[in-house]
>>> print(open('input_20.txt').read())   # compact mmCIF, C-alpha atoms
# COMPACT_ATOMS: atom_id res chain seq x y z
CA LEU W 1 0.00 0.00 0.00
CA GLN W 2 2.81 2.36 0.89
CA PHE W 3 4.55 1.63 -2.41
CA LEU W 4 1.33 2.24 -4.37
CA ILE W 5 0.77 5.60 -2.62
CA ILE W 6 4.32 6.69 -3.40
CA LEU W 7 3.97 5.48 -6.99
CA VAL W 8 0.73 7.40 -7.54
CA ALA W 9 2.24 10.56 -6.03
CA ALA W 10 5.33 10.22 -8.22
CA ILE W 11 3.21 9.73 -11.34
CA VAL W 12 1.12 12.83 -10.59
CA ILE W 13 4.28 14.93 -10.09
CA LEU W 14 6.09 13.53 -13.13
CA VAL W 15 3.05 13.96 -15.39
CA ALA W 16 2.85 17.64 -14.42
CA ILE W 17 6.57 18.10 -15.12
CA TYR W 18 6.29 16.22 -18.42
CA TRP W 19 3.31 18.35 -19.46
CA ILE W 20 5.26 21.58 -18.92
CA VAL W 21 8.48 20.36 -20.56
CA SER W 22 6.73 18.75 -23.52
CA GLY W 23 4.54 21.82 -23.99
CA ALA W 24 7.66 23.95 -24.33
CA PHE W 25 8.59 21.96 -27.44
CA LYS W 26 5.11 21.84 -28.98
CA GLN W 27 3.70 23.89 -31.82
CA GLN W 28 0.47 25.83 -31.48
CA VAL W 29 -1.52 23.07 -33.16
CA ASP W 30 -0.32 20.45 -30.66
CA ILE W 31 -0.48 22.38 -27.39
CA PHE W 32 -4.09 21.54 -26.50
CA GLN W 33 -4.05 17.99 -27.80
CA LEU W 34 -3.46 14.96 -25.62
CA LYS W 35 -0.72 13.50 -27.78
CA LEU W 36 2.37 11.79 -26.38
CA LEU W 37 4.03 11.81 -29.78
CA PHE W 38 4.51 15.09 -31.64
CA THR W 39 7.07 16.89 -33.77
CA PRO W 40 9.24 18.91 -31.34
CA THR W 41 10.37 22.45 -32.13
CA PHE W 42 12.86 24.84 -30.54
CA GLU W 43 11.05 27.85 -31.98
CA ASN W 44 9.34 28.62 -28.65
CA PHE W 45 12.68 29.07 -26.90
CA LYS W 46 13.88 31.32 -29.71
CA ILE W 47 10.75 33.46 -29.51
CA ILE W 48 10.84 34.08 -25.73
CA PHE W 49 14.28 35.65 -26.03
CA GLN W 50 13.00 38.11 -28.63
CA ASP W 51 10.59 41.03 -28.55
CA PRO W 52 8.28 41.43 -26.65
CA TYR W 53 9.40 38.87 -24.04
CA HIS W 54 13.15 39.66 -23.75
CA LEU W 55 13.66 36.73 -21.39
CA HIS W 56 17.45 37.15 -21.62
CA GLU W 57 17.17 40.43 -19.68
CA LYS W 58 15.18 38.76 -16.93
CA LEU W 59 17.64 35.88 -16.89
CA LEU W 60 20.50 38.35 -16.39
CA ASN W 61 18.65 40.14 -13.57
CA SER W 62 17.92 36.91 -11.71
CA THR W 63 21.51 35.75 -12.14
CA LEU W 64 22.98 39.02 -10.85
CA ILE W 65 20.65 39.20 -7.85
CA ALA W 66 21.16 35.56 -6.85
CA PHE W 67 24.93 35.74 -7.45
CA PHE W 68 25.53 38.83 -5.33
CA THR W 69 23.19 37.54 -2.63
CA VAL W 70 25.23 34.34 -2.30
CA ILE W 71 28.61 36.09 -2.60
CA ILE W 72 27.72 38.42 0.27
CA ALA W 73 25.72 36.00 2.42
CA ILE W 74 28.08 33.00 2.53
CA PRO W 75 31.23 34.76 3.87
CA LEU W 76 29.19 36.67 6.46
CA ALA W 77 27.25 33.55 7.45
CA THR W 78 30.48 31.55 7.72
CA MET W 79 32.02 34.09 10.09
CA ALA W 80 28.85 34.29 12.17
CA ALA W 81 28.54 30.49 12.28
CA TYR W 82 32.16 30.19 13.42
CA SER W 83 31.56 32.72 16.20
CA PHE W 84 28.49 30.87 17.45
CA SER W 85 30.28 27.53 17.20
CA ARG W 86 33.56 28.42 18.91
CA PHE W 87 33.04 31.43 21.20
CA ARG W 88 30.98 31.55 24.37
CA LEU W 89 29.38 34.99 24.51
CA LYS W 90 26.96 36.53 26.95
CA GLY W 91 23.45 36.06 25.56
CA GLU W 92 24.75 33.75 22.84
CA ARG W 93 21.78 31.38 23.01
CA ILE W 94 19.30 34.27 22.92
CA MET W 95 21.06 35.75 19.88
CA PHE W 96 21.09 32.43 18.04
CA VAL W 97 17.45 31.69 18.84
CA THR W 98 16.53 35.21 17.72
CA ILE W 99 18.28 34.64 14.40
CA LEU W 100 16.42 31.37 13.91
CA ALA W 101 13.13 32.96 14.97
CA THR W 102 13.27 35.32 11.99
CA GLN W 103 12.70 32.27 9.78
CA PHE W 104 9.22 31.88 11.25
CA VAL W 105 8.12 35.39 10.23
CA PRO W 106 6.03 35.20 7.02
CA ALA W 107 7.45 37.25 4.16
CA VAL W 108 4.09 38.95 3.65
CA VAL W 109 4.40 40.46 7.16
CA ILE W 110 7.68 42.24 6.44
CA VAL W 111 7.05 43.27 2.84
CA LEU W 112 5.41 46.59 3.80
CA PRO W 113 8.16 47.70 6.27
CA PHE W 114 10.80 46.87 3.64
CA PHE W 115 8.80 48.74 1.01
CA ILE W 116 8.64 51.88 3.15
CA LEU W 117 12.32 51.57 4.13
CA PHE W 118 13.55 51.19 0.54
CA ARG W 119 11.26 53.98 -0.66
CA ASP W 120 12.69 56.35 1.94
CA LEU W 121 16.24 55.30 1.05
CA GLY W 122 15.54 55.83 -2.64
CA ILE W 123 16.49 52.29 -3.68
CA LEU W 124 13.01 50.99 -4.43
CA ASP W 125 12.74 49.43 -7.88
CA THR W 126 16.44 48.48 -7.96
CA ARG W 127 18.42 45.25 -7.93
CA LEU W 128 20.07 46.41 -4.69
CA ALA W 129 16.72 46.33 -2.89
CA LEU W 130 16.20 42.67 -3.82
CA VAL W 131 19.75 41.73 -2.82
CA LEU W 132 19.27 43.34 0.60
CA VAL W 133 15.90 41.72 1.25
CA ASN W 134 17.22 38.35 0.07
CA LEU W 135 20.10 38.67 2.53
CA SER W 136 17.67 39.27 5.38
CA LEU W 137 15.82 36.07 4.48
CA ILE W 138 18.82 33.88 3.63
CA MET W 139 21.39 34.78 6.28
CA PRO W 140 19.65 33.06 9.24
CA PHE W 141 19.26 29.85 7.26
CA ALA W 142 22.89 29.92 6.08
CA ILE W 143 24.21 30.61 9.60
CA TRP W 144 22.20 27.75 11.06
CA MET W 145 23.29 25.27 8.39
CA ILE W 146 27.01 26.15 8.40
CA LYS W 147 27.14 26.18 12.21
CA GLY W 148 25.96 22.57 12.25
CA PHE W 149 28.93 21.54 10.12
CA MET W 150 31.40 23.58 12.16
CA ASP W 151 30.17 22.04 15.41
CA SER W 152 31.31 18.66 14.06
CA ILE W 153 34.90 19.84 13.48
CA PRO W 154 37.16 18.87 16.42
CA ILE W 155 38.50 21.97 18.12
CA GLU W 156 41.83 20.14 18.62
CA THR W 157 42.61 20.68 14.92
CA GLU W 158 42.44 24.44 15.43
CA GLU W 159 44.47 24.30 18.61
CA ALA W 160 47.18 22.29 16.83
CA ALA W 161 47.34 24.86 14.04
CA MET W 162 47.55 27.75 16.52
CA VAL W 163 50.34 25.96 18.41
CA ASP W 164 52.23 25.80 15.10
CA GLY W 165 52.00 29.58 14.85
CA SER W 166 48.83 30.16 12.82
CA SER W 167 46.66 33.16 13.67
CA ARG W 168 42.92 32.89 14.21
CA ILE W 169 42.24 34.16 10.67
CA GLN W 170 44.70 31.66 9.19
CA VAL W 171 43.06 28.86 11.17
CA ILE W 172 39.63 29.81 9.83
CA ILE W 173 40.82 30.08 6.22
CA ASN W 174 43.22 27.13 6.12
CA VAL W 175 41.64 24.67 8.55
CA VAL W 176 38.01 25.37 9.43
CA VAL W 177 36.61 26.47 6.07
CA PRO W 178 38.16 23.56 4.08
CA MET W 179 36.80 21.06 6.61
CA ALA W 180 33.38 22.71 6.60
CA LEU W 181 33.38 23.19 2.83
CA PRO W 182 30.59 20.61 2.15
CA GLY W 183 28.33 22.57 4.51
CA VAL W 184 29.34 25.90 3.00
CA ILE W 185 28.66 24.65 -0.52
CA THR W 186 25.33 23.14 0.55
CA ALA W 187 24.31 26.43 2.16
CA ALA W 188 25.39 28.33 -0.96
CA ILE W 189 23.29 26.08 -3.20
CA PHE W 190 20.18 26.48 -1.08
CA CYS W 191 20.75 30.23 -0.77
CA PHE W 192 21.03 30.51 -4.55
CA ILE W 193 17.83 28.53 -5.04
CA LEU W 194 15.94 30.69 -2.52
CA ALA W 195 17.20 33.91 -4.12
CA TRP W 196 16.52 32.59 -7.64
CA ASN W 197 12.95 31.55 -6.86
CA GLU W 198 12.02 34.61 -4.77
CA PHE W 199 8.84 36.18 -6.13
CA LEU W 200 6.90 38.20 -3.56
CA PHE W 201 9.45 40.97 -3.05
CA ALA W 202 10.30 41.10 -6.76
CA PHE W 203 6.59 41.51 -7.45
CA MET W 204 6.16 44.27 -4.85
CA PHE W 205 9.40 46.22 -5.34
CA LEU W 206 9.92 46.16 -9.12
CA ASP W 207 7.95 48.26 -11.59
CA ASP W 208 10.63 48.68 -14.24
CA VAL W 209 10.20 45.91 -16.82
CA ASP W 210 13.94 46.02 -17.54
CA LEU W 211 14.63 44.95 -13.93
CA PHE W 212 12.14 42.08 -13.77
CA THR W 213 13.52 38.77 -12.52
CA LEU W 214 12.58 35.50 -14.19
CA SER W 215 9.90 34.64 -11.62
CA ARG W 216 8.43 38.15 -11.93
CA GLY W 217 8.69 38.06 -15.69
CA ILE W 218 7.00 34.68 -16.05
CA VAL W 219 4.00 35.96 -14.09
CA SER W 220 3.81 39.01 -16.35
CA LEU W 221 3.56 36.59 -19.31
CA ASP W 222 0.62 34.72 -17.79
CA SER W 223 -2.19 36.28 -19.79
CA SER W 224 -4.67 35.16 -22.40
CA GLU W 225 -2.64 36.93 -25.08
CA VAL W 226 0.50 34.82 -24.47
CA PRO W 227 0.55 31.41 -26.20
CA ARG W 228 0.75 28.57 -23.69
CA GLN W 229 3.81 27.06 -25.35
CA HIS W 230 5.75 30.29 -24.85
CA LEU W 231 4.82 30.39 -21.17
CA MET W 232 5.90 26.77 -20.75
CA ALA W 233 9.20 27.45 -22.52
CA GLY W 234 9.85 30.29 -20.12
CA SER W 235 9.05 28.04 -17.17
CA VAL W 236 11.58 25.48 -18.41
CA VAL W 237 14.25 28.19 -18.72
CA VAL W 238 13.63 29.17 -15.09
CA THR W 239 14.30 25.63 -13.85
CA ILE W 240 17.43 24.86 -15.90
CA PRO W 241 19.98 26.88 -13.85
CA VAL W 242 18.70 25.45 -10.56
CA LEU W 243 18.89 21.88 -11.88
CA LEU W 244 22.43 22.42 -13.17
CA ILE W 245 23.65 23.95 -9.90
CA PHE W 246 21.90 21.36 -7.76
>>> encode(input="input_20.txt", output="structure tokens")
Amino acid sequence: LQFLIILVAAIVILVAIYWIVSGAFKQQVDIFQLKLLFTPTFENFKIIFQDPYHLHEKLLNSTLIAFFTVIIAIPLATMAAYSFSRFRLKGERIMFVTILATQFVPAVVIVLPFFILFRDLGILDTRLALVLVNLSLIMPFAIWMIKGFMDSIPIETEEAAMVDGSSRIQVIINVVVPMALPGVITAAIFCFILAWNEFLFAFMFLDDVDLFTLSRGIVSLDSSEVPRQHLMAGSVVVTIPVLLIF
């Protein structure tokens, strides 16, 4: 029974994925027909990168925002995770719990305060606004994940390196980070995926079409005037970078 339930769930999920992927390669005449066999075409992918869709611009925006989010978040999260893992500070547990508690705050609750803040700072409708808000959402998760890996590293390895004359910074760079690298890479991958898929803040903060991310741009394509095969092709493009990185 358990196997059958899992099988049915897998079939439902895979059929939905197949329907999107196959639709991206279908012509207009085939898109609404229940045919497993059809003549595939790459014309849909060519069209979505041309006027009026300009998906390449949205692809660039998503890449820049996700890239800079990860590049900033991972070093800061690594240093914070090391501090929580190795140093005993007054109020350490309260600080760490507070950081984790931010993960339980729904994004819809903080969207208005961020909107007012960025408007007053004059950075609303910019890539910088999305990078900053992504950092606020991603940093707690990255700190928590990397700290778990650092807790498993024996402190004796650091003490041995410091006895040999290494400074604290050298120990972190040459000993701790290489040993915790699987955790750092894992955190970076998840941070990239979260930043890449982020939609709510991109929807609320961006009005300039030239700054739309992929998730924001795909939603703007979802209208009765856009052929379904073009929308499906755009959806496939959104998933490709995440699959490759993962």
>>> closest_residue(input="input_20.txt", among="W:Ala24, W:Leu34, W:Ile143, W:Lys46", to="Val184 of chain W", atoms="all atoms listed in the file")
W:Ile143
>>> axis_aligned_box(input="input_20.txt", around="segment 96-115 of chain W", padding_each_side="3 Å", output="lines of an AutoDock Vina configuration file")
center_x = 12.6
center_y = 40.1
center_z = 9.9
size_x = 23.0
size_y = 23.4
size_z = 23.8
>>> residues_around(input="input_20.txt", residues="Phe96 of chain W", least_positions_apart="4", cutoff="8 Å", atoms="all atoms listed in the file", output="NGL selection string")
:W and (84 or 92 or 100)
>>> closest_residue(input="input_20.txt", among="W:Phe212, W:Trp19, W:Phe201, W:Phe246", to="Glu57 of chain W", atoms="all atoms listed in the file")
W:Phe212
>>> atom_distance(input="input_20.txt", atom1="atom CA of Ala81 of chain W", atom2="atom CA of Ile99 of chain W")
11.3 Å
>>> closest_atom_pairs(input="input_20.txt", of="segment 143-221 of chain W", to="segment 71-77 of chain W", cutoff="9 Å", atoms="all atoms listed in the file", output="JSON lines")
{"residue": "W:Ile143", "atom": "CA", "partner": "W:Ala77", "partner_atom": "CA", "distance": 4.7}
{"residue": "W:Trp144", "atom": "CA", "partner": "W:Ala77", "partner_atom": "CA", "distance": 8.5}
{"residue": "W:Ile146", "atom": "CA", "partner": "W:Ala77", "partner_atom": "CA", "distance": 7.5}
{"residue": "W:Lys147", "atom": "CA", "partner": "W:Ala77", "partner_atom": "CA", "distance": 8.8}
{"residue": "W:Val184", "atom": "CA", "partner": "W:Ile74", "partner_atom": "CA", "distance": 7.2}
{"residue": "W:Ile185", "atom": "CA", "partner": "W:Ile74", "partner_atom": "CA", "distance": 8.9}
{"residue": "W:Ala187", "atom": "CA", "partner": "W:Ile74", "partner_atom": "CA", "distance": 7.6}
{"residue": "W:Ala188", "atom": "CA", "partner": "W:Ile74", "partner_atom": "CA", "distance": 6.4}
{"residue": "W:Cys191", "atom": "CA", "partner": "W:Ala73", "partner_atom": "CA", "distance": 8.3}
>>> atom_distance(input="input_20.txt", atom1="atom CA of Ser62 of chain W", atom2="atom CA of Ala195 of chain W")
8.2 Å
>>> residues_near_point(input="input_20.txt", point="(37.2, 23.2, 14.0)", cutoff="9 Å", atoms="all atoms listed in the file", output="PDB file with C-alpha atoms, in the coordinates of the input")
ATOM      1  CA  TYR W  82      32.160  30.190  13.420  1.00  0.00           C
ATOM      2  CA  SER W  85      30.280  27.530  17.200  1.00  0.00           C
ATOM      3  CA  ARG W  86      33.560  28.420  18.910  1.00  0.00           C
ATOM      4  CA  MET W 150      31.400  23.580  12.160  1.00  0.00           C
ATOM      5  CA  ASP W 151      30.170  22.040  15.410  1.00  0.00           C
ATOM      6  CA  SER W 152      31.310  18.660  14.060  1.00  0.00           C
ATOM      7  CA  ILE W 153      34.900  19.840  13.480  1.00  0.00           C
ATOM      8  CA  PRO W 154      37.160  18.870  16.420  1.00  0.00           C
ATOM      9  CA  ILE W 155      38.500  21.970  18.120  1.00  0.00           C
ATOM     10  CA  GLU W 156      41.830  20.140  18.620  1.00  0.00           C
ATOM     11  CA  THR W 157      42.610  20.680  14.920  1.00  0.00           C
ATOM     12  CA  GLU W 158      42.440  24.440  15.430  1.00  0.00           C
ATOM     13  CA  GLU W 159      44.470  24.300  18.610  1.00  0.00           C
ATOM     14  CA  VAL W 171      43.060  28.860  11.170  1.00  0.00           C
ATOM     15  CA  ILE W 172      39.630  29.810   9.830  1.00  0.00           C
ATOM     16  CA  VAL W 175      41.640  24.670   8.550  1.00  0.00           C
ATOM     17  CA  VAL W 176      38.010  25.370   9.430  1.00  0.00           C
ATOM     18  CA  VAL W 177      36.610  26.470   6.070  1.00  0.00           C
ATOM     19  CA  MET W 179      36.800  21.060   6.610  1.00  0.00           C
ATOM     20  CA  ALA W 180      33.380  22.710   6.600  1.00  0.00           C
TER      21      ALA W 180
END
>>> closest_residue(input="input_20.txt", among="W:Phe149, W:Ile6, W:Ile245, W:Val133", to="Phe118 of chain W", atoms="only C-alpha atoms")
W:Val133
>>> atom_distance(input="input_20.txt", atom1="atom CA of Thr239 of chain W", atom2="atom CA of Thr63 of chain W")
12.5 Å
>>> residues_around(input="input_20.txt", residues="segment 37-40 of chain W", least_positions_apart="6", cutoff="9 Å", atoms="all atoms listed in the file", output="list of chain:residue names")
W:Ser22, W:Ala24, W:Phe25, W:Lys26, W:Gln27, W:Asp30
>>> closest_residue(input="input_20.txt", among="W:Val15, W:Leu89, W:Leu214, W:Met204", to="Pro113 of chain W", atoms="only C-alpha atoms")
W:Met204
>>> residues_around(input="input_20.txt", residues="Val238 of chain W", least_positions_apart="2", cutoff="9 Å", atoms="only C-alpha atoms", output="ChimeraX atom specification")
/W:59,196-197,214-215,218,233-236,240-242
>>> residues_around(input="input_20.txt", residues="Leu128 of chain W", least_positions_apart="6", cutoff="10 Å", atoms="all atoms listed in the file", output="list of chain:residue names")
W:Ile65, W:Phe68, W:Thr69, W:Phe118, W:Asn134
>>> build_atoms(input="input_20.txt", residues="segment 80-104 of chain W", atoms="N, CA, C and O atoms", output="PDB file, keeping the file's coordinate frame")
ATOM      1  N   ALA W  80      29.817  34.321  11.067  1.00  0.00           N
ATOM      2  CA  ALA W  80      28.850  34.290  12.170  1.00  0.00           C
ATOM      3  C   ALA W  80      28.712  32.884  12.729  1.00  0.00           C
ATOM      4  O   ALA W  80      28.653  32.689  13.956  1.00  0.00           O
ATOM      5  N   ALA W  81      28.659  31.885  11.840  1.00  0.00           N
ATOM      6  CA  ALA W  81      28.540  30.490  12.280  1.00  0.00           C
ATOM      7  C   ALA W  81      29.761  30.076  13.092  1.00  0.00           C
ATOM      8  O   ALA W  81      29.631  29.367  14.096  1.00  0.00           O
ATOM      9  N   TYR W  82      30.942  30.517  12.673  1.00  0.00           N
ATOM     10  CA  TYR W  82      32.160  30.190  13.420  1.00  0.00           C
ATOM     11  C   TYR W  82      32.118  30.817  14.816  1.00  0.00           C
ATOM     12  O   TYR W  82      32.511  30.182  15.796  1.00  0.00           O
ATOM     13  N   SER W  83      31.648  32.044  14.892  1.00  0.00           N
ATOM     14  CA  SER W  83      31.560  32.720  16.200  1.00  0.00           C
ATOM     15  C   SER W  83      30.613  31.980  17.133  1.00  0.00           C
ATOM     16  O   SER W  83      30.923  31.759  18.307  1.00  0.00           O
ATOM     17  N   PHE W  84      29.455  31.592  16.619  1.00  0.00           N
ATOM     18  CA  PHE W  84      28.490  30.870  17.450  1.00  0.00           C
ATOM     19  C   PHE W  84      29.004  29.489  17.830  1.00  0.00           C
ATOM     20  O   PHE W  84      28.687  28.981  18.910  1.00  0.00           O
ATOM     21  N   SER W  85      29.794  28.886  16.958  1.00  0.00           N
ATOM     22  CA  SER W  85      30.280  27.530  17.200  1.00  0.00           C
ATOM     23  C   SER W  85      31.441  27.489  18.179  1.00  0.00           C
ATOM     24  O   SER W  85      31.553  26.545  18.960  1.00  0.00           O
ATOM     25  N   ARG W  86      32.306  28.500  18.161  1.00  0.00           N
ATOM     26  CA  ARG W  86      33.560  28.420  18.910  1.00  0.00           C
ATOM     27  C   ARG W  86      33.630  29.347  20.130  1.00  0.00           C
ATOM     28  O   ARG W  86      34.326  29.052  21.091  1.00  0.00           O
ATOM     29  N   PHE W  87      32.929  30.465  20.106  1.00  0.00           N
ATOM     30  CA  PHE W  87      33.040  31.430  21.200  1.00  0.00           C
ATOM     31  C   PHE W  87      31.825  31.336  22.111  1.00  0.00           C
ATOM     32  O   PHE W  87      30.714  31.084  21.660  1.00  0.00           O
ATOM     33  N   ARG W  88      32.059  31.541  23.389  1.00  0.00           N
ATOM     34  CA  ARG W  88      30.980  31.550  24.370  1.00  0.00           C
ATOM     35  C   ARG W  88      30.739  32.996  24.790  1.00  0.00           C
ATOM     36  O   ARG W  88      31.527  33.580  25.534  1.00  0.00           O
ATOM     37  N   LEU W  89      29.683  33.577  24.279  1.00  0.00           N
ATOM     38  CA  LEU W  89      29.380  34.990  24.510  1.00  0.00           C
ATOM     39  C   LEU W  89      28.179  35.122  25.427  1.00  0.00           C
ATOM     40  O   LEU W  89      27.341  34.225  25.516  1.00  0.00           O
ATOM     41  N   LYS W  90      28.103  36.248  26.093  1.00  0.00           N
ATOM     42  CA  LYS W  90      26.960  36.530  26.950  1.00  0.00           C
ATOM     43  C   LYS W  90      25.715  36.728  26.074  1.00  0.00           C
ATOM     44  O   LYS W  90      25.712  37.539  25.153  1.00  0.00           O
ATOM     45  N   GLY W  91      24.677  35.985  26.362  1.00  0.00           N
ATOM     46  CA  GLY W  91      23.450  36.060  25.560  1.00  0.00           C
ATOM     47  C   GLY W  91      23.559  35.361  24.230  1.00  0.00           C
ATOM     48  O   GLY W  91      22.749  35.608  23.330  1.00  0.00           O
ATOM     49  N   GLU W  92      24.521  34.451  24.119  1.00  0.00           N
ATOM     50  CA  GLU W  92      24.750  33.750  22.840  1.00  0.00           C
ATOM     51  C   GLU W  92      23.512  32.958  22.416  1.00  0.00           C
ATOM     52  O   GLU W  92      23.092  33.029  21.256  1.00  0.00           O
ATOM     53  N   ARG W  93      22.939  32.207  23.351  1.00  0.00           N
ATOM     54  CA  ARG W  93      21.780  31.380  23.010  1.00  0.00           C
ATOM     55  C   ARG W  93      20.602  32.251  22.582  1.00  0.00           C
ATOM     56  O   ARG W  93      19.896  31.921  21.616  1.00  0.00           O
ATOM     57  N   ILE W  94      20.409  33.377  23.280  1.00  0.00           N
ATOM     58  CA  ILE W  94      19.300  34.270  22.920  1.00  0.00           C
ATOM     59  C   ILE W  94      19.515  34.836  21.512  1.00  0.00           C
ATOM     60  O   ILE W  94      18.579  34.909  20.713  1.00  0.00           O
ATOM     61  N   MET W  95      20.762  35.206  21.208  1.00  0.00           N
ATOM     62  CA  MET W  95      21.060  35.750  19.880  1.00  0.00           C
ATOM     63  C   MET W  95      20.794  34.710  18.799  1.00  0.00           C
ATOM     64  O   MET W  95      20.191  35.006  17.769  1.00  0.00           O
ATOM     65  N   PHE W  96      21.243  33.479  19.058  1.00  0.00           N
ATOM     66  CA  PHE W  96      21.090  32.430  18.040  1.00  0.00           C
ATOM     67  C   PHE W  96      19.620  32.086  17.854  1.00  0.00           C
ATOM     68  O   PHE W  96      19.158  31.898  16.716  1.00  0.00           O
ATOM     69  N   VAL W  97      18.879  31.987  18.935  1.00  0.00           N
ATOM     70  CA  VAL W  97      17.450  31.690  18.840  1.00  0.00           C
ATOM     71  C   VAL W  97      16.717  32.822  18.118  1.00  0.00           C
ATOM     72  O   VAL W  97      15.793  32.587  17.320  1.00  0.00           O
ATOM     73  N   THR W  98      17.139  34.064  18.388  1.00  0.00           N
ATOM     74  CA  THR W  98      16.530  35.210  17.720  1.00  0.00           C
ATOM     75  C   THR W  98      16.758  35.154  16.217  1.00  0.00           C
ATOM     76  O   THR W  98      15.861  35.444  15.419  1.00  0.00           O
ATOM     77  N   ILE W  99      17.979  34.776  15.821  1.00  0.00           N
ATOM     78  CA  ILE W  99      18.280  34.640  14.400  1.00  0.00           C
ATOM     79  C   ILE W  99      17.402  33.577  13.761  1.00  0.00           C
ATOM     80  O   ILE W  99      16.835  33.771  12.682  1.00  0.00           O
ATOM     81  N   LEU W 100      17.267  32.432  14.439  1.00  0.00           N
ATOM     82  CA  LEU W 100      16.420  31.370  13.910  1.00  0.00           C
ATOM     83  C   LEU W 100      14.951  31.776  13.875  1.00  0.00           C
ATOM     84  O   LEU W 100      14.206  31.386  12.976  1.00  0.00           O
ATOM     85  N   ALA W 101      14.538  32.567  14.870  1.00  0.00           N
ATOM     86  CA  ALA W 101      13.130  32.960  14.970  1.00  0.00           C
ATOM     87  C   ALA W 101      12.694  33.803  13.778  1.00  0.00           C
ATOM     88  O   ALA W 101      11.504  33.799  13.418  1.00  0.00           O
ATOM     89  N   THR W 102      13.639  34.511  13.156  1.00  0.00           N
ATOM     90  CA  THR W 102      13.270  35.320  11.990  1.00  0.00           C
ATOM     91  C   THR W 102      12.781  34.450  10.837  1.00  0.00           C
ATOM     92  O   THR W 102      12.073  34.932   9.947  1.00  0.00           O
ATOM     93  N   GLN W 103      13.145  33.171  10.838  1.00  0.00           N
ATOM     94  CA  GLN W 103      12.700  32.270   9.780  1.00  0.00           C
ATOM     95  C   GLN W 103      11.210  31.952   9.887  1.00  0.00           C
ATOM     96  O   GLN W 103      10.613  31.476   8.923  1.00  0.00           O
ATOM     97  N   PHE W 104      10.630  32.200  11.048  1.00  0.00           N
ATOM     98  CA  PHE W 104       9.220  31.880  11.250  1.00  0.00           C
ATOM     99  C   PHE W 104       8.313  33.071  10.930  1.00  0.00           C
ATOM    100  O   PHE W 104       7.092  32.956  11.037  1.00  0.00           O
TER     101      PHE W 104
END
